[in-house]
Every structure is written in C-alpha cells, then in structure tokens.
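Asker: My structure is in model_39.cif, and what it holds is mmCIF, C-alpha atoms:
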```
data_target
loop_
_atom_site.label_atom_id
_atom_site.label_comp_id
_atom_site.auth_asym_id
_atom_site.auth_seq_id
_atom_site.Cartn_x
_atom_site.Cartn_y
_atom_site.Cartn_z
CA MET U 7 10.44 -6.20 -22.88
CA GLN U 8 6.63 -5.92 -22.98
CA ILE U 9 6.45 -9.38 -21.41
CA PHE U 10 8.13 -8.19 -18.22
CA LYS U 11 6.18 -4.98 -17.65
CA PRO U 12 3.24 -6.78 -15.98
CA ARG U 13 5.66 -8.64 -13.69
CA ILE U 14 7.38 -5.45 -12.60
CA HIS U 15 4.01 -3.73 -12.21
CA ASN U 16 2.77 -6.60 -10.02
CA LEU U 17 5.98 -6.51 -7.99
CA ARG U 18 5.54 -2.79 -7.40
CA ARG U 19 1.91 -3.32 -6.37
CA VAL U 20 2.92 -6.03 -3.88
CA ILE U 21 5.67 -3.86 -2.37
CA MET U 22 3.36 -0.85 -2.14
CA GLY U 23 0.69 -3.01 -0.48
CA LYS U 24 3.20 -4.15 2.10
CA LEU U 25 4.36 -0.59 2.70
CA LYS U 26 0.73 0.43 3.26
CA THR U 27 0.35 -2.42 5.77
CA TYR U 28 3.50 -1.34 7.60
CA GLN U 29 2.26 2.26 7.64
CA GLU U 30 -1.05 1.16 9.16
CA GLN U 31 0.73 -0.94 11.77
CA LEU U 32 2.99 1.96 12.65
CA GLN U 33 0.04 4.33 12.97
CA ASP U 34 -1.77 1.80 15.16
CA ILE U 35 1.22 1.51 17.49
CA VAL U 36 1.56 5.28 17.75
CA GLU U 37 -2.18 5.62 18.41
CA LYS U 38 -1.99 3.00 21.16
CA GLY U 39 0.98 4.80 22.65
CA ILE U 40 -0.83 8.10 22.64
CA ASN U 41 -3.90 6.52 24.24
CA ALA U 42 -1.78 4.87 26.93
CA ALA U 43 0.04 8.14 27.64
CA GLU U 44 -3.26 10.02 27.82
CA GLU U 45 -4.76 7.46 30.18
CA GLN U 46 -1.68 7.56 32.40
CA GLN U 47 -1.64 11.36 32.39
CA LYS U 48 -5.30 11.47 33.44
CA LYS U 49 -4.61 9.05 36.28
CA LEU U 50 -1.63 11.07 37.43
CA ALA U 51 -3.40 14.40 37.06
CA SER U 52 -6.22 13.21 39.34
CA LYS U 53 -3.85 12.24 42.14
CA PRO U 54 -3.09 15.75 43.47
CA PHE U 55 -6.82 16.42 43.72
CA GLU U 56 -7.41 13.13 45.49
CA TYR U 57 -4.64 14.00 47.90
CA ALA U 58 -6.02 17.50 48.41
CA GLU U 59 -9.42 16.01 49.25
CA LYS U 60 -7.81 13.64 51.73
CA LEU U 61 -5.82 16.53 53.13
CA GLU U 62 -9.03 18.45 53.71
CA SER U 63 -10.59 15.55 55.58
CA GLU U 64 -7.48 14.33 57.39
CA ALA U 65 -5.24 17.37 57.58
CA ARG U 66 -3.11 16.01 60.42
CA GLU U 67 -2.29 12.73 58.72
CA TYR U 68 -0.59 14.18 55.64
CA SER U 69 2.18 16.68 55.35
CA VAL U 70 2.90 18.73 52.25
CA LYS U 71 6.23 16.95 52.06
CA THR U 72 4.48 13.56 51.89
CA LEU U 73 2.10 14.82 49.19
CA ARG U 74 5.02 16.17 47.16
CA THR U 75 6.91 12.89 47.48
CA ARG U 76 3.91 10.89 46.28
CA TYR U 77 3.21 13.30 43.43
CA TYR U 78 6.80 13.10 42.21
CA GLY U 79 6.65 9.32 42.47
CA TYR U 80 3.62 9.20 40.20
CA SER U 81 5.22 11.66 37.82
CA GLU U 82 8.39 9.56 37.61
CA ASN U 83 6.26 6.49 36.95
CA LEU U 84 4.56 8.21 34.00
CA PHE U 85 7.85 9.15 32.38
CA GLU U 86 9.31 5.69 32.95
CA GLN U 87 6.31 4.23 31.14
CA LEU U 88 6.72 6.70 28.28
CA ARG U 89 10.40 5.76 27.98
CA SER U 90 9.43 2.09 27.93
CA LEU U 91 6.91 2.82 25.18
CA ASN U 92 9.60 4.67 23.24
CA THR U 93 11.92 1.66 23.55
CA ARG U 94 9.23 -0.67 22.23
CA PHE U 95 8.45 1.74 19.41
CA SER U 96 12.15 1.93 18.51
CA SER U 97 12.35 -1.86 18.40
CA PHE U 98 9.30 -2.03 16.14
CA ALA U 99 10.74 0.63 13.82
CA ALA U 100 14.05 -1.29 13.58
CA ASP U 101 12.15 -4.46 12.66
CA LEU U 102 10.15 -2.54 10.08
CA VAL U 103 13.28 -1.10 8.48
CA ALA U 104 14.88 -4.55 8.38
CA LYS U 105 11.80 -5.98 6.62
CA LEU U 106 11.78 -3.14 4.12
CA GLU U 107 15.48 -3.57 3.37
CA LYS U 108 15.00 -7.31 2.87
CA GLU U 109 12.04 -6.80 0.55
CA ALA U 110 13.87 -4.12 -1.42
CA ALA U 111 16.79 -6.50 -1.91
CA GLU U 112 14.44 -9.29 -2.99
CA GLY U 113 12.68 -6.91 -5.37
CA ALA U 114 15.99 -5.83 -6.86
CA ASP U 115 16.94 -9.48 -7.35
CA ALA U 116 13.63 -10.16 -9.11
CA VAL U 117 14.15 -7.18 -11.43
CA ALA U 118 17.72 -8.29 -12.17
CA ASP U 119 16.51 -11.82 -12.95
CA ALA U 120 13.84 -10.45 -15.28
CA ALA U 121 16.41 -8.25 -17.02
CA ASP U 122 18.78 -11.23 -17.47
CA GLU U 123 15.93 -13.27 -18.90
CA ALA U 124 14.99 -10.45 -21.28
CA THR U 125 18.60 -10.12 -22.42
CA SER U 126 18.81 -13.85 -23.02
CA VAL U 127 15.59 -13.85 -25.06
CA ALA U 128 16.75 -10.82 -27.06
CA GLN U 129 20.11 -12.44 -27.83
CA SER U 130 18.54 -15.71 -28.94
CA THR U 131 16.02 -13.81 -31.11
CA LYS U 132 18.86 -11.79 -32.65
CA ALA U 133 20.87 -14.95 -33.31
CA THR U 134 17.83 -16.61 -34.93
CA ALA U 135 17.17 -13.54 -37.08
CA GLN U 136 20.78 -13.42 -38.28
CA ALA U 137 20.82 -17.08 -39.21
#
```
Take the structure in the file and give it back as structure tokens.
Answerer:
Amino acid sequence: MQIFKPRIHNLRRVIMGKLKTYQEQLQDIVEKGINAAEEQQKKLASKPFEYAEKLESEAREYSVKTLRTRYYGYSENLFEQLRSLNTRFSSFAADLVAKLEKEAAEGADAVADAADEATSVAQSTKATAQA
C-alpha cells in the first residue's frame, strides 16, 4: 500500500491545482463583470446631469417627458447588459461544474485502478508466501 500513497498524493495535488485555477478564473470573470457593471453605471449616472445641462442651455428643445424616456431607456440598457453578463456567468459555471465532475470521475477511476493493482499484488504475495 505504501507504493500507492505517492500516486494518490500526486493525484490530489493535481486536482487541487486545477481547482485553484478554476477558482482564479471564476474570480477573474466576476471581477470583470463588476468592472463592466461599474463602468456602465457611471455612464448611465452621468446622463441625467448631461441632460440637465442641455436643458439649462436649450430649455425649449427638451421636455421632461423626453428626458424621462431617455433616462429609462439607458436604465433598461444597463439591466439588459447585467442580465447578459449573468447568462454568460451561468454558462461558465455550468462548464466549470462539468469539468469538475469529469475530473472527479477520472480521479475515482484512477484510485479504483490503484486499489485493484494493490489487491492483485497482495494476493500474489500471499500466494507466494503460502507456497
């Protein structure tokens, strides 16, 4: 059994390394999403002020109704982009889970193979010792 401990230890190290990589990728995606949302929010937040400045200079050209319509349009755009980001994030998470499930299954197969090999060696050693 001592022979297989390094193999299992190496397998665990490889799986943990991959999990760390996936964690970093996930954090990077979330960070990018937050940055994009922040940038979009800043753009949208500046619009009412831009419109107010235009309203001051060209009061007769814009009605409050027009300003409200444009503001709501920008607001809807922001939330559509956030929903799109959420959809992409969901897709990434599903891919990540699929990879983890596959690797877990492969790891379990490797452990089972190692256990079968250990059993075989133990049985042949026992048979040799009895002979």
Asker: Would you kindly translate the PyMOL selection byres ((chain U and resi 78-91) around 9) into the concrete residues it picks from this file, as a list in words?
Answerer: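 Evaluating the PyMOL selection byres ((chain U and resi 78-91) around 9) on these coordinates yields Gly39, Ala42, Ala43, Gln46, Gln47, Leu50, Lys53, Leu73, Arg74, Thr75, Arg76, Tyr77, Asn92, Thr93, Arg94, Phe95 and Ser96 of chain U.
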Asker: Hey, can you check how far atom CA of U:Ile21 sits from atom CA of U:Gln33?
Answerer: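 That distance, rounded to one decimal, is 18.3 Å.
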Asker: Go through U:Glu45, U:Gln29, U:Ala116, U:Ala51 and flag the residue nearest U:Val103, using only C-alpha atoms for the distances.
Answerer: U:Gln29
Asker: Work out how far apart atom CA of U:Asn41 and atom CA of U:Tyr28 are and give it in Å to one decimal.
Answerer: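 Answer for the atom CA of U:Asn41 to atom CA of U:Tyr28 separation: 19.8 Å.
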Asker: Can you tell me how far atom CA of U:Leu102 sits from atom CA of U:Val20, in Å to one decimal?
Answerer: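 So the two atoms, atom CA of U:Leu102 and atom CA of U:Val20, lie 16.1 Å apart.
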Asker: Quick one: of U:Asp115, U:Asp122, U:Glu109, U:Glu62, who's nearest to U:Lys24, counting only C-alpha atoms?
Answerer: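 For U:Lys24, the nearest of the given residues is U:Glu109.
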